Amino acid sequence: MLKLHYFDLYGRGEPIRMLLNYAKVDFEDCRYKFEEWPKLKAEGGFEFAQMPVLEVKTGETTKQYCQTLSILRYLGRKYSLYPADIEDAWTVDSTLDAIIDIINGLAKIHWEADEERKKKMAGELIGGAYPVFLKAMAARLDASNARGGRFILDDKVNAADILFACFIFNYIYNDLNPDSGAALKPAFEGYETLKKYSESLRAELGAYLESRPKSGR
Amino acid sequence: MYKIYYLDFFGRSECMRLLFDHFSLPYTDVVLTQPDLQALKLEQGKLEFGQVPVIETPEGAFLCQSLAILRYLGRKYGAYPESDAHTAYLIDSTIDGMEDYINHFFKYHMTPQDHPLKSELREKWLSFSDTLFSVLEKRQPKEAKYFLGCENITIADFALAAFIYMMVLNEANPHYEAIKPVWDKHEGLHRYAEGLYELFKTRFESRGKKPF
């Protein structure tokens with residue numbers, strides 16, 4: 001029995017929701033409003049005083065899993081979405097880390113109150129780390145395509161593809177966040193490889209992208 | 001021979017050095033200045049994400065992303081037990097917890113002194129430190145040599161040793177005076193940390209002083 005605790009938005013919880021959905025694993029999707037957080041945090045039930053948290057109940061024992069990437073790796077191992085070969089695992093790990101870097105960068109910009117600093121940080125990301133990231137990801141996908149694969153590693157979706165899907169469909173192709181799309185889409189669509197990849201992901205994720213509760217980020 | 005390309009910090013490369021030393025794997029450090037780094041960014045195929053550290057393997061491959069490298073080396077040399085999913089999770093989330101600490105620390109450290117949020121960021125960092133140390137204390141059996149009481153050394157030990165002796169018990173760290181009292185409260189970790197120092201004494205006593 002699985003229970004996910006997170007805010008009522010995509011953020012750092014959506015990759016876990018998407019993975020569980022893709023693996024066809026049932027879970028209780030507990031969504032909280034920001035106003036509920038101080039009380040929840042003070043109750044001390046979450047190990048790192050953060051969310052997302054995944055609770056896994058087996059019989060009488062409940063185990064708590066924290067930290068987005070650790071949860072994705074745990075579930076990835078459990079549901080065959082994480083490779084065993086060490087070179088392949090490095091590809092998946094470094095992809096996860098690279099995507100989280102960009103997502104963290106976007107989060108920092110979002111939470112920056114000072115308009116000057118905000119503009120400067122956005123300029124640095126969109127002009128610096130983001131294009132380098134896209135170039136690297138496109139090259140990885142080209143290499144996979146050459147081996148006959150539609151996704152990051154091969155022709156099977158793995159945990160890194162799930163996180164990348166969240167980046168693409170939560171931050172780039174998200175009607176509820178046109179500013180984010182406007183900033184990120186042009187460079188993304190500059191790569192045929194990345195456009196094709198997003199279409200493959202859309203086909204693979206199917207109804208979930210339509211049926212999931214929507215949010216701006 | 002492995003080659004580590006990095007700036008002149010312990011930073012995100014130290015955990016790899018500790019692993020190399022532990023398994024007697026020879027390596028060299030290619031220490032980059034900022035101009036060197038800019039030049040390397042322009043060379044094809046070396047800095048995939050424009051960042052360091054990267055390592056060059058004995059086979060000539062360039063691997064990036066420090067934690068992905070640590071996991072790769074851990075798997076290669078038997079220091080990342082993934083057969084038990086829960087143990088692997090505890091190792092992973094410990095590493096993620098240290099990443100969060102580093103983010104909080106640098107957010108505070110890089111904010112100008114006169115910024116209105118400076119003291120709030122300090123509070124957030126110190127509060128998270130207390131949480132992290134509590135988690136580590138709970139996870140570490142009192143008498144165990146390695147983290148989680150694992151039979152053999154794991155990447156958690158390399159990461160924790162690098163982290164503790166660069167971010168916490170490092171007098172050259174700019175915020176040592178603030179973090180030391182928080183660490184002192186968590187006595188359950190002290191014996192383990194002392195054991196780590198003994199394990200990596202040669203490296204720690206020969207590497208000189210750096211802020212992080």
# chains A, B, ... in the order shown; residues from 1 in each chain; ligands from 1
>>> interface_residues(of="chain A", to="chain B", cutoff="7 Å", atoms="only C-alpha atoms", output="list of chain:residue names")
A:Glu47, A:Phe48, A:Cys66, A:Gln67, A:Ser70, A:Tyr74, A:Ile86, A:Trp90, A:Asp93, A:Ser94, A:Asp97, A:Val132, A:Phe133, A:Ala136
>>> select_by_dssp(residues="segment 28-126 of chain B", states="alpha helix (DSSP H)", output="NGL selection string")
:B and (34-42 or 66-76 or 85-110 or 118-126)
>>> residues_around(residues="Glu204 of chain A", least_positions_apart="3", cutoff="9 Å", atoms="only C-alpha atoms", output="ChimeraX atom specification")
/A:22,157,199-201
>>> write_last_selection(atoms="all heavy atoms", output="PDB file, in the first residue's frame")
ATOM      1  N   TYR A  22       2.913   5.062 -14.643  1.00  0.00           N
ATOM      2  CA  TYR A  22       3.479   4.341 -15.780  1.00  0.00           C
ATOM      3  C   TYR A  22       3.691   2.864 -15.451  1.00  0.00           C
ATOM      4  O   TYR A  22       3.472   1.990 -16.285  1.00  0.00           O
ATOM      5  CB  TYR A  22       4.800   4.982 -16.213  1.00  0.00           C
ATOM      6  CG  TYR A  22       5.367   4.375 -17.468  1.00  0.00           C
ATOM      7  CD1 TYR A  22       4.794   4.645 -18.707  1.00  0.00           C
ATOM      8  CD2 TYR A  22       6.456   3.498 -17.422  1.00  0.00           C
ATOM      9  CE1 TYR A  22       5.292   4.069 -19.870  1.00  0.00           C
ATOM     10  CE2 TYR A  22       6.959   2.924 -18.569  1.00  0.00           C
ATOM     11  CZ  TYR A  22       6.375   3.213 -19.792  1.00  0.00           C
ATOM     12  OH  TYR A  22       6.864   2.636 -20.941  1.00  0.00           O
ATOM     13  N   VAL A 157      11.289   3.073 -21.781  1.00  0.00           N
ATOM     14  CA  VAL A 157      11.266   4.204 -20.852  1.00  0.00           C
ATOM     15  C   VAL A 157      11.933   3.781 -19.546  1.00  0.00           C
ATOM     16  O   VAL A 157      11.717   2.676 -19.054  1.00  0.00           O
ATOM     17  CB  VAL A 157       9.801   4.627 -20.592  1.00  0.00           C
ATOM     18  CG1 VAL A 157       9.676   5.430 -19.312  1.00  0.00           C
ATOM     19  CG2 VAL A 157       9.254   5.423 -21.765  1.00  0.00           C
ATOM     20  N   GLU A 199       7.422  13.656 -28.590  1.00  0.00           N
ATOM     21  CA  GLU A 199       6.273  12.960 -29.196  1.00  0.00           C
ATOM     22  C   GLU A 199       6.237  11.491 -28.781  1.00  0.00           C
ATOM     23  O   GLU A 199       5.161  10.953 -28.488  1.00  0.00           O
ATOM     24  CB  GLU A 199       6.311  13.070 -30.728  1.00  0.00           C
ATOM     25  CG  GLU A 199       5.816  14.421 -31.250  1.00  0.00           C
ATOM     26  CD  GLU A 199       6.450  14.806 -32.579  1.00  0.00           C
ATOM     27  OE1 GLU A 199       6.752  13.891 -33.381  1.00  0.00           O
ATOM     28  OE2 GLU A 199       6.651  16.025 -32.812  1.00  0.00           O
ATOM     29  N   SER A 200       7.397  10.850 -28.729  1.00  0.00           N
ATOM     30  CA  SER A 200       7.463   9.458 -28.279  1.00  0.00           C
ATOM     31  C   SER A 200       6.999   9.340 -26.832  1.00  0.00           C
ATOM     32  O   SER A 200       6.268   8.418 -26.476  1.00  0.00           O
ATOM     33  CB  SER A 200       8.880   8.909 -28.394  1.00  0.00           C
ATOM     34  OG  SER A 200       9.340   8.958 -29.712  1.00  0.00           O
ATOM     35  N   LEU A 201       7.404  10.302 -26.011  1.00  0.00           N
ATOM     36  CA  LEU A 201       6.988  10.285 -24.605  1.00  0.00           C
ATOM     37  C   LEU A 201       5.485  10.488 -24.495  1.00  0.00           C
ATOM     38  O   LEU A 201       4.809   9.791 -23.727  1.00  0.00           O
ATOM     39  CB  LEU A 201       7.695  11.395 -23.813  1.00  0.00           C
ATOM     40  CG  LEU A 201       9.157  11.173 -23.458  1.00  0.00           C
ATOM     41  CD1 LEU A 201       9.747  12.447 -22.854  1.00  0.00           C
ATOM     42  CD2 LEU A 201       9.310  10.006 -22.478  1.00  0.00           C
TER      43      LEU A 201
END
>>> residues_around(residues="segment 6-23 of chain B", least_positions_apart="4", cutoff="7 Å", atoms="only C-alpha atoms", output="list of chain:residue names")
B:Val30, B:Val31, B:Leu32, B:Thr33, B:Val52, B:Pro53, B:Ser66, B:Leu70, B:Phe158, B:Ala159, B:Ala162, B:Phe200, B:Lys210, B:Phe212
>>> residues_around(residues="Gly60 of chain B", least_positions_apart="2", cutoff="12 Å", atoms="only C-alpha atoms", output="compact mmCIF listing (two decimals) with N, CA and C atoms, in the first residue's frame")
# COMPACT_ATOMS: atom_id res chain seq x y z
N MET B 1 45.04 4.95 -15.36
CA MET B 1 44.99 5.89 -14.24
C MET B 1 43.81 6.84 -14.40
N TYR B 2 43.08 7.02 -13.32
CA TYR B 2 41.96 7.98 -13.37
C TYR B 2 42.51 9.40 -13.30
N LYS B 3 41.79 10.32 -13.97
CA LYS B 3 42.15 11.75 -13.90
C LYS B 3 40.92 12.50 -13.42
N GLY B 45 33.54 17.16 -26.38
CA GLY B 45 33.44 15.86 -25.73
C GLY B 45 34.02 15.72 -24.34
N LYS B 46 34.45 16.84 -23.74
CA LYS B 46 35.07 16.68 -22.41
C LYS B 46 34.09 17.05 -21.29
N VAL B 54 34.73 16.37 -13.87
CA VAL B 54 34.59 15.22 -14.74
C VAL B 54 35.78 14.32 -14.41
N ILE B 55 35.61 13.02 -14.65
CA ILE B 55 36.77 12.15 -14.56
C ILE B 55 37.04 11.53 -15.92
N GLU B 56 38.31 11.27 -16.16
CA GLU B 56 38.69 10.51 -17.33
C GLU B 56 39.08 9.13 -16.82
N THR B 57 38.42 8.10 -17.35
CA THR B 57 38.70 6.74 -16.87
C THR B 57 39.97 6.22 -17.54
N PRO B 58 40.56 5.14 -16.99
CA PRO B 58 41.73 4.54 -17.64
C PRO B 58 41.46 4.15 -19.10
N PHE B 62 35.10 10.02 -20.69
CA PHE B 62 34.88 11.17 -19.81
C PHE B 62 33.51 11.01 -19.16
N LEU B 63 33.48 10.98 -17.83
CA LEU B 63 32.22 10.88 -17.10
C LEU B 63 31.98 12.14 -16.30
>>> atom_distance(atom1="atom CA of Asn170 of chain A", atom2="atom CA of Ile99 of chain A")
12.7 Å
>>> residues_around(residues="Tyr130 of chain A", least_positions_apart="3", cutoff="12 Å", atoms="only C-alpha atoms", output="PyMOL selection string")
(chain A and resi 98-106+121-127+133-137+183-188) or (chain B and resi 49-50)
>>> write_last_selection(atoms="N, CA, C and O atoms", output="CSV table (one decimal), in the first residue's frame")
chain,number,residue,atom,x,y,z
A,98,ALA,N,21.4,15.9,-14.1
A,98,ALA,CA,21.4,17.1,-15.0
A,98,ALA,C,20.0,17.8,-15.1
A,98,ALA,O,19.9,19.0,-15.1
A,99,ILE,N,19.0,17.0,-15.2
A,99,ILE,CA,17.6,17.5,-15.2
A,99,ILE,C,17.3,18.2,-13.9
A,99,ILE,O,16.7,19.3,-13.9
A,100,ILE,N,17.6,17.6,-12.8
A,100,ILE,CA,17.3,18.2,-11.5
A,100,ILE,C,18.1,19.5,-11.3
A,100,ILE,O,17.5,20.5,-10.8
A,101,ASP,N,19.3,19.6,-11.9
A,101,ASP,CA,20.0,20.9,-11.9
A,101,ASP,C,19.2,22.0,-12.5
A,101,ASP,O,19.1,23.1,-12.0
A,102,ILE,N,18.6,21.7,-13.7
A,102,ILE,CA,17.9,22.7,-14.4
A,102,ILE,C,16.6,23.0,-13.6
A,102,ILE,O,16.2,24.2,-13.5
A,103,ILE,N,15.9,22.0,-13.1
A,103,ILE,CA,14.7,22.2,-12.3
A,103,ILE,C,15.0,23.0,-11.1
A,103,ILE,O,14.2,24.0,-10.7
A,104,ASN,N,16.1,22.7,-10.4
A,104,ASN,CA,16.5,23.5,-9.3
A,104,ASN,C,16.8,25.0,-9.6
A,104,ASN,O,16.4,25.9,-8.9
A,105,GLY,N,17.4,25.2,-10.8
A,105,GLY,CA,17.7,26.5,-11.3
A,105,GLY,C,16.4,27.3,-11.5
A,105,GLY,O,16.2,28.4,-11.1
A,106,LEU,N,15.4,26.6,-12.1
A,106,LEU,CA,14.1,27.2,-12.4
A,106,LEU,C,13.4,27.6,-11.0
A,106,LEU,O,12.8,28.6,-10.9
A,121,MET,N,19.3,35.9,-12.9
A,121,MET,CA,19.4,34.4,-12.8
A,121,MET,C,18.8,33.8,-14.0
A,121,MET,O,19.3,32.8,-14.5
A,122,ALA,N,17.6,34.3,-14.4
A,122,ALA,CA,16.9,33.8,-15.6
A,122,ALA,C,17.8,33.9,-16.8
A,122,ALA,O,18.0,32.9,-17.6
A,123,GLY,N,18.5,35.0,-17.0
A,123,GLY,CA,19.4,35.2,-18.1
A,123,GLY,C,20.5,34.2,-18.1
A,123,GLY,O,20.9,33.7,-19.2
A,124,GLU,N,21.1,34.0,-16.9
A,124,GLU,CA,22.2,33.1,-16.8
A,124,GLU,C,21.8,31.6,-17.2
A,124,GLU,O,22.5,30.9,-17.8
A,125,LEU,N,20.6,31.2,-16.7
A,125,LEU,CA,20.1,29.9,-17.0
A,125,LEU,C,19.8,29.7,-18.4
A,125,LEU,O,20.3,28.8,-19.1
A,126,ILE,N,18.9,30.6,-19.0
A,126,ILE,CA,18.5,30.5,-20.3
A,126,ILE,C,19.6,30.7,-21.3
A,126,ILE,O,19.6,30.1,-22.4
A,127,GLY,N,20.6,31.5,-20.9
A,127,GLY,CA,21.7,31.8,-21.8
A,127,GLY,C,22.9,30.8,-21.6
A,127,GLY,O,23.7,30.7,-22.5
A,133,PHE,N,22.7,22.0,-21.6
A,133,PHE,CA,21.9,20.8,-21.2
A,133,PHE,C,21.2,20.3,-22.4
A,133,PHE,O,21.2,19.0,-22.6
A,134,LEU,N,20.5,21.1,-23.2
A,134,LEU,CA,19.7,20.6,-24.3
A,134,LEU,C,20.7,19.9,-25.3
A,134,LEU,O,20.3,18.9,-25.9
A,135,LYS,N,21.8,20.6,-25.6
A,135,LYS,CA,22.8,20.0,-26.5
A,135,LYS,C,23.2,18.6,-26.1
A,135,LYS,O,23.3,17.7,-26.9
A,136,ALA,N,23.5,18.5,-24.8
A,136,ALA,CA,24.0,17.2,-24.3
A,136,ALA,C,22.9,16.2,-24.4
A,136,ALA,O,23.1,15.0,-24.8
A,137,MET,N,21.7,16.5,-24.0
A,137,MET,CA,20.5,15.6,-24.0
A,137,MET,C,20.2,15.2,-25.5
A,137,MET,O,20.0,14.0,-25.7
A,183,ALA,N,10.0,30.9,-22.5
A,183,ALA,CA,11.4,31.0,-22.2
A,183,ALA,C,12.1,29.7,-22.7
A,183,ALA,O,13.2,29.8,-23.2
A,184,LEU,N,11.5,28.6,-22.5
A,184,LEU,CA,12.2,27.3,-22.7
A,184,LEU,C,12.0,26.6,-24.0
A,184,LEU,O,12.8,25.9,-24.5
A,185,LYS,N,10.8,26.9,-24.6
A,185,LYS,CA,10.4,26.2,-25.8
A,185,LYS,C,11.3,26.4,-27.1
A,185,LYS,O,11.7,25.5,-27.7
A,186,PRO,N,11.6,27.7,-27.4
A,186,PRO,CA,12.4,27.9,-28.6
A,186,PRO,C,13.7,27.1,-28.7
A,186,PRO,O,13.9,26.4,-29.7
A,187,ALA,N,14.5,27.1,-27.7
A,187,ALA,CA,15.7,26.4,-27.7
A,187,ALA,C,15.4,24.9,-27.8
A,187,ALA,O,16.1,24.1,-28.5
A,188,PHE,N,14.4,24.4,-27.1
A,188,PHE,CA,14.1,23.0,-27.1
A,188,PHE,C,13.7,22.5,-28.5
A,188,PHE,O,14.2,21.5,-29.0
B,49,PHE,N,28.2,18.7,-19.8
B,49,PHE,CA,27.2,19.7,-19.3
B,49,PHE,C,27.9,21.0,-18.9
B,49,PHE,O,27.4,21.8,-18.2
B,50,GLY,N,29.1,21.2,-19.5
B,50,GLY,CA,29.9,22.4,-19.2
B,50,GLY,C,30.3,22.6,-17.8
B,50,GLY,O,30.5,23.7,-17.3
>>> atom_distance(atom1="atom CA of Asp8 of chain A", atom2="atom CA of Arg31 of chain A")
4.6 Å
